[in-house]
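A.B. asks: The following file, query06.txt, comprises compact mmCIF, C-alpha atoms:
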# COMPACT_ATOMS: atom_id res chain seq x y z
CA MET A 1 -80.65 -18.00 33.04
CA SER A 2 -80.44 -17.62 29.23
CA TYR A 3 -79.78 -14.27 27.60
CA PHE A 4 -81.13 -13.01 24.30
CA ILE A 5 -77.68 -11.66 23.37
CA PRO A 6 -75.10 -14.31 24.35
CA SER A 7 -72.09 -12.35 23.13
CA MET A 8 -71.14 -9.00 21.68
CA THR A 9 -68.16 -7.53 19.87
CA ALA A 10 -66.82 -4.03 20.42
CA VAL A 11 -63.74 -1.85 20.30
CA ILE A 12 -62.19 -0.48 23.46
CA GLU A 13 -61.67 3.08 22.32
CA ARG A 14 -60.28 4.01 25.72
CA ARG A 15 -60.02 2.14 29.02
CA LEU A 16 -58.52 3.30 32.30
CA LEU A 17 -57.85 0.59 34.86
CA ILE A 18 -57.34 2.61 38.04
CA ASN A 19 -56.01 0.37 40.80
CA TYR A 20 -56.08 0.53 44.58
CA ALA A 21 -54.29 -1.56 47.20
CA LEU A 22 -57.12 -2.52 49.54
CA ASP A 23 -56.99 -3.82 53.10
CA PRO A 24 -57.85 -7.56 52.83
CA GLU A 25 -60.24 -7.50 55.79
CA VAL A 26 -62.15 -4.61 54.23
CA ALA A 27 -62.23 -6.47 50.91
CA VAL A 28 -63.66 -9.58 52.56
CA GLY A 29 -66.52 -7.52 53.95
CA MET A 30 -67.36 -6.27 50.44
CA LEU A 31 -67.63 -9.75 48.88
CA PRO A 32 -70.47 -12.29 48.81
CA PRO A 33 -69.80 -15.79 50.18
CA GLY A 34 -67.88 -17.95 47.73
CA PHE A 35 -65.49 -15.22 46.61
CA ARG A 36 -62.23 -14.30 48.33
CA PRO A 37 -59.93 -11.39 47.52
CA GLN A 38 -56.94 -12.11 45.36
CA LEU A 39 -53.88 -10.88 47.22
CA VAL A 40 -50.75 -9.25 45.83
CA ASP A 41 -47.95 -8.71 48.36
CA GLY A 42 -50.48 -8.94 51.17
CA SER A 43 -53.00 -6.48 49.71
CA ALA A 44 -56.29 -7.01 47.95
CA VAL A 45 -56.53 -5.32 44.54
CA ALA A 46 -59.55 -3.18 43.71
CA GLY A 47 -60.29 -0.32 41.38
CA VAL A 48 -62.51 1.35 38.87
CA CYS A 49 -62.59 0.63 35.15
CA LEU A 50 -63.56 3.66 33.04
CA ILE A 51 -64.17 2.35 29.54
CA ARG A 52 -65.47 3.91 26.33
CA LEU A 53 -66.72 1.29 23.90
CA GLY A 54 -67.42 1.75 20.21
CA ASP A 55 -68.94 -0.44 17.50
CA MET A 56 -70.70 -2.59 20.09
CA ARG A 57 -73.05 -5.12 18.53
CA ALA A 58 -73.95 -8.78 18.34
CA PRO A 59 -71.64 -10.63 15.92
CA TRP A 60 -74.46 -11.16 13.43
CA MET A 61 -75.45 -7.47 13.33
CA PRO A 62 -74.21 -5.15 10.55
CA ARG A 63 -71.68 -2.52 11.63
CA ALA A 64 -74.15 0.24 10.87
CA LEU A 65 -76.20 -0.91 13.87
CA GLY A 66 -73.29 -0.80 16.30
CA TRP A 67 -73.42 1.65 19.20
CA GLY A 68 -71.02 3.00 21.78
CA ALA A 69 -71.06 4.51 25.23
CA GLU A 70 -69.04 5.42 28.28
CA ASN A 71 -69.21 2.80 31.02
CA ALA A 72 -67.71 2.27 34.46
CA ALA A 73 -67.28 -0.65 36.83
CA HIS A 74 -66.01 -0.62 40.39
CA ARG A 75 -64.29 -3.97 40.91
CA ILE A 76 -62.38 -6.20 43.30
CA ALA A 77 -59.97 -8.89 42.10
CA VAL A 78 -61.20 -12.24 43.42
CA GLU A 79 -60.65 -15.96 43.44
CA TRP A 80 -63.22 -18.74 43.70
CA ASP A 81 -63.19 -22.52 43.51
CA ASP A 82 -65.05 -24.79 41.14
CA ASP A 83 -64.74 -28.39 40.02
CA GLU A 84 -61.65 -27.55 37.96
CA GLY A 85 -59.78 -25.74 40.72
CA THR A 86 -59.17 -22.11 41.65
CA GLN A 87 -60.38 -19.48 39.17
CA ARG A 88 -59.54 -15.78 38.95
CA GLY A 89 -61.57 -12.76 37.93
CA VAL A 90 -63.26 -9.71 39.40
CA TYR A 91 -66.36 -9.10 41.46
CA ILE A 92 -68.24 -5.97 40.33
CA PRO A 93 -70.65 -4.67 42.96
CA VAL A 94 -71.81 -1.79 40.76
CA ARG A 95 -71.78 -0.91 37.04
CA HIS A 96 -72.68 2.40 35.38
CA SER A 97 -73.34 3.44 31.81
CA ALA A 98 -74.08 6.64 29.91
CA SER A 99 -76.37 4.64 27.62
CA TRP A 100 -79.93 3.87 28.61
CA LEU A 101 -79.84 0.56 26.68
CA PRO A 102 -77.83 -1.49 29.24
CA VAL A 103 -79.65 0.32 32.04
CA ALA A 104 -82.98 -0.81 30.58
CA VAL A 105 -82.17 -4.39 29.60
CA GLY A 106 -79.00 -5.32 31.49
CA GLY A 107 -79.69 -8.25 33.78
CA ARG A 108 -82.70 -9.17 31.64
CA LEU A 109 -81.74 -9.58 27.98
CA PHE A 110 -77.99 -9.76 28.54
CA PRO A 111 -75.76 -9.99 31.63
CA GLY A 112 -75.02 -7.12 33.95
CA VAL A 113 -77.28 -4.72 35.85
CA HIS A 114 -76.27 -1.10 35.11
CA ARG A 115 -77.13 2.24 36.68
CA HIS A 116 -77.29 5.40 34.64
CA ALA A 117 -74.51 7.98 34.91
CA ARG A 118 -73.38 11.16 33.19
CA PHE A 119 -69.83 11.19 31.82
CA SER A 120 -67.66 14.08 30.72
CA GLY A 121 -63.99 14.67 30.05
CA SER A 122 -61.33 15.29 27.46
CA GLU A 123 -58.57 13.30 25.82
CA THR A 124 -55.30 13.85 23.97
CA ALA A 125 -52.55 11.41 23.05
CA ASN A 126 -50.82 12.04 26.40
CA ARG A 127 -53.58 12.95 28.84
CA ILE A 128 -57.02 11.60 29.66
CA ARG A 129 -59.65 13.18 31.93
CA VAL A 130 -62.90 11.41 32.79
CA GLU A 131 -65.65 12.40 35.21
CA LEU A 132 -68.64 10.30 36.22
CA ALA A 133 -71.68 11.58 38.09
CA ALA A 134 -74.47 9.27 39.21
CA SER A 135 -77.01 9.20 42.00
CA ASP A 136 -74.90 6.76 44.03
CA VAL A 137 -71.28 7.49 43.06
CA ARG A 138 -68.93 10.13 41.68
CA VAL A 139 -65.55 9.60 40.02
CA SER A 140 -63.00 12.08 38.71
CA ALA A 141 -59.80 10.90 37.04
CA ASP A 142 -56.93 12.83 35.48
CA VAL A 143 -54.29 10.54 33.96
CA ALA A 144 -51.12 11.16 32.00
CA VAL A 145 -50.03 8.51 29.49
CA VAL A 146 -46.32 7.98 30.17
CA SER A 147 -43.48 5.58 29.43
CA GLU A 148 -42.33 4.73 32.96
CA TRP A 149 -44.25 2.47 35.34
CA ARG A 150 -44.98 3.29 38.98
CA SER A 151 -46.66 0.83 41.31
CA ARG A 152 -46.19 -0.73 44.73
CA LEU A 153 -48.33 -3.72 43.81
CA PHE A 154 -46.74 -4.71 40.50
CA ALA A 155 -43.01 -4.60 39.79
CA THR A 156 -43.44 -4.07 36.04
CA VAL A 157 -46.17 -3.01 33.66
CA ASP A 158 -46.03 -6.54 32.21
CA ASP A 159 -46.80 -7.98 35.66
CA ALA A 160 -49.80 -5.69 35.96
CA SER A 161 -50.93 -6.46 32.43
CA GLU A 162 -50.83 -10.21 33.01
CA PHE A 163 -52.67 -9.92 36.33
CA PHE A 164 -55.63 -8.16 34.75
CA ARG A 165 -55.64 -10.19 31.56
CA ALA A 166 -55.84 -13.39 33.60
CA GLY A 167 -58.79 -11.99 35.54
CA SER A 168 -60.93 -11.19 32.54
CA THR A 169 -64.20 -12.67 33.84
CA GLY A 170 -66.37 -10.36 35.90
CA TRP A 171 -69.27 -11.32 38.15
CA SER A 172 -71.92 -8.88 39.35
CA PRO A 173 -75.14 -9.26 41.36
CA ARG A 174 -78.09 -10.47 39.35
CA ARG A 175 -81.26 -8.44 39.45
CA ASP A 176 -83.40 -9.40 42.47
CA SER A 177 -82.17 -13.00 42.76
CA GLY A 178 -79.09 -13.23 44.99
CA GLU A 179 -77.16 -14.92 42.17
CA PHE A 180 -74.61 -13.51 39.71
CA ASP A 181 -74.29 -12.47 36.09
CA GLY A 182 -70.99 -13.13 34.37
CA LEU A 183 -69.16 -11.52 31.44
CA THR A 184 -65.81 -12.56 29.96
CA LEU A 185 -63.65 -10.22 27.89
CA GLU A 186 -61.66 -11.86 25.09
CA THR A 187 -59.18 -10.33 22.67
CA GLU A 188 -56.25 -11.44 20.55
CA LYS A 189 -54.78 -7.93 20.65
CA TRP A 190 -54.45 -7.20 24.35
CA LYS A 191 -52.18 -4.20 24.88
CA VAL A 192 -51.71 -1.73 27.72
CA GLU A 193 -49.75 1.45 28.36
CA PRO A 194 -48.57 2.77 31.71
CA GLY A 195 -50.26 5.84 33.08
CA ARG A 196 -49.54 8.27 35.88
CA LEU A 197 -52.28 9.27 38.30
CA LEU A 198 -52.39 13.07 38.41
CA ASN A 199 -55.64 13.20 40.36
CA VAL A 200 -58.25 10.56 41.16
CA GLU A 201 -61.33 10.75 43.37
CA SER A 202 -63.93 8.04 43.81
CA SER A 203 -66.73 8.38 46.33
CA PHE A 204 -66.96 4.56 46.32
CA PHE A 205 -63.43 4.16 47.71
CA ASP A 206 -63.41 7.41 49.68
CA ALA A 207 -66.31 6.04 51.74
CA LEU A 208 -64.24 3.08 52.98
CA PRO A 209 -62.48 3.20 56.36
CA SER A 210 -59.67 5.74 56.42
CA GLY A 211 -56.40 4.37 55.03
CA SER A 212 -57.91 1.08 53.85
CA ALA A 213 -57.80 1.95 50.11
CA ARG A 214 -54.57 3.36 48.72
CA LEU A 215 -54.23 4.53 45.13
CA ASP A 216 -51.57 2.49 43.36
CA SER A 217 -51.45 2.68 39.58
CA VAL A 218 -53.29 2.98 36.30
CA LEU A 219 -53.19 1.08 33.02
CA VAL A 220 -54.39 2.60 29.75
CA MET A 221 -55.88 0.60 26.88
CA ARG A 222 -56.79 2.15 23.53
CA ASP A 223 -58.11 0.84 20.21
CA VAL A 224 -58.39 -2.81 21.24
CA PRO A 225 -60.98 -5.03 19.50
CA ILE A 226 -62.76 -7.32 21.96
CA ALA A 227 -65.60 -9.77 22.37
CA TRP A 228 -67.82 -9.91 25.44
CA GLY A 229 -69.42 -13.25 26.18
CA VAL A 230 -71.14 -15.28 28.86
CA PRO A 231 -68.52 -17.40 30.70
CA SER A 232 -68.22 -20.93 29.36
CA ARG A 233 -68.77 -22.31 32.87
CA GLY A 234 -71.35 -20.94 35.22
CA LEU A 235 -70.41 -19.85 38.73
CA ARG A 236 -71.07 -22.48 41.32
CA GLN A 237 -73.05 -20.90 44.13
CA ALA A 238 -70.50 -21.68 46.81
CA GLN A 239 -71.50 -21.64 50.45
CA GLY A 240 -69.50 -20.74 53.51
CA THR A 241 -66.78 -18.22 54.18
CA ASN A 242 -64.93 -15.92 51.85
CA ALA A 243 -62.27 -15.14 54.45
CA VAL A 244 -58.58 -15.08 53.66
CA PRO A 245 -55.65 -15.40 56.04
CA VAL A 246 -54.60 -11.94 57.18
CA GLY A 247 -51.41 -11.78 59.18
With the file now loaded, output its structure as structure tokens.
C.D. replies:
Amino acid sequence: MSYFIPSMTAVIERRLLINYALDPEVAVGMLPPGFRPQLVDGSAVAGVCLIRLGDMRAPWMPRALGWGAENAAHRIAVEWDDDEGTQRGVYIPVRHSASWLPVAVGGRLFPGVHRHARFSGSETANRIRVELAASDVRVSADVAVVSEWRSRLFATVDDASEFFRAGSTGWSPRRDSGEFDGLTLETEKWKVEPGRLLNVESSFFDALPSGSARLDSVLVMRDVPIAWGVPSRGLRQAQGTNAVPVG
């Protein structure tokens, strides 16, 4: 499928990568065939990305026509195989946006089907609060921006940063086709800060079997210029199992 807008530039004004350690068997059940969960110390890695974008536009558009919005993506870190070997990224079963533009044309004129949501919150240099309310999901996050790193999945903030930077391609279900739309995030100025989870609730993860999703950590990104583009290689529609060894 060809898209009218093949790539876009933007600025990540604020991004919270809230991470969960997820039971691998539960993760397998949430993935389409062809994907398998990427494991860290025996756990799958899932989470929600709460991102506020600014100056979003096609590269050829003047800055005056850029727009911005709050967006969210629930995601699972995955692996898949193609002709060049094993690839890494995220599978995104559901996306949300405060803007009606991606809701209206996402999955048609550019990749990614979005559902509409209302966002609210507040932000200072050291604390970020974001709330999302949609017909199918609710999220509330209260995060402190700190200097020390706490995580059971990743020993250091650099380990966490590299994990998510390497998995910068996201795949989500295509509108009414059973195939997938892909987006790749690119930046030459990737930078993250550690955060501390003061309070996080997500109806998406709360609905999973008790104890299968455990809050782990949060990364904060601010003022990072990026480009979104269609992946250079399409996703091979793999057949068969997405199971992983669980022992």
A.B. asks: Looking at A:Thr86, A:Arg222, A:Ile76, A:Val157, which one is nearest to Gly47 of chain A, with distances taken over only C-alpha atoms?
C.D. replies: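 Closest residue, counting only C-alpha atoms: A:Ile76.
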A.B. asks: Starting from the point (-56.0, 4.5, 40.2), work out which residues of protein, DNA or RNA have an atom no more than 10 Å away when counting all atoms listed in the file; state them as a ChimeraX atom specification.
C.D. replies: /A:16-21,46-49,141-143,195-202,214-219
A.B. asks: May I ask which of the residues A:Trp60, A:Trp171, A:Phe164, A:Trp149 is the closest one to Trp80 of chain A, counting only C-alpha atoms?
C.D. replies: A:Trp171
A.B. asks: Suppose you want the space between atom CA of His116 of chain A and atom CA of Ala207 of chain A; what is it in Å?
C.D. replies: 20.3 Å
A.B. asks: Can you pull out the residues contacting Arg95 of chain A? Cut-off 12 Å, using all atoms listed in the file, and skip same-chain residues under 4 positions away; I want them as a ChimeraX atom specification.
C.D. replies: /A:48-51,70-75,91,99,102-103,106-107,111-117,132,134,136-137,170-174,181,204
A.B. asks: How many Å separate atom CA of Gly229 of chain A from atom CA of Leu183 of chain A?
C.D. replies: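 Distance between the two atoms: 5.5 Å.
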A.B. asks: Measuring between all atoms listed in the file, which one of A:Thr9, A:Ser203, A:Ser151, A:Ser43 shows the shortest distance to Val224 of chain A?
C.D. replies: A:Thr9
A.B. asks: Could you jot down the atom CA of Glu193 of chain A to atom CA of Pro225 of chain A separation for me, Å, one decimal place?
C.D. replies: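 About the pair atom CA of Glu193 of chain A and atom CA of Pro225 of chain A: they are 15.7 Å apart.
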A.B. asks: Of the candidates A:Asp223, A:Glu25, A:Thr169, A:Ala160, which one gets nearest to Lys189 of chain A if we count all atoms listed in the file?
C.D. replies: A:Asp223
A.B. asks: With distances taken over all atoms listed in the file, which residue among A:Val220, A:His96, A:Arg88, A:Asp159 lies nearest Ser135 of chain A?
C.D. replies: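 Ranked by minimum distance to Ser135 of chain A, first place goes to A:His96.
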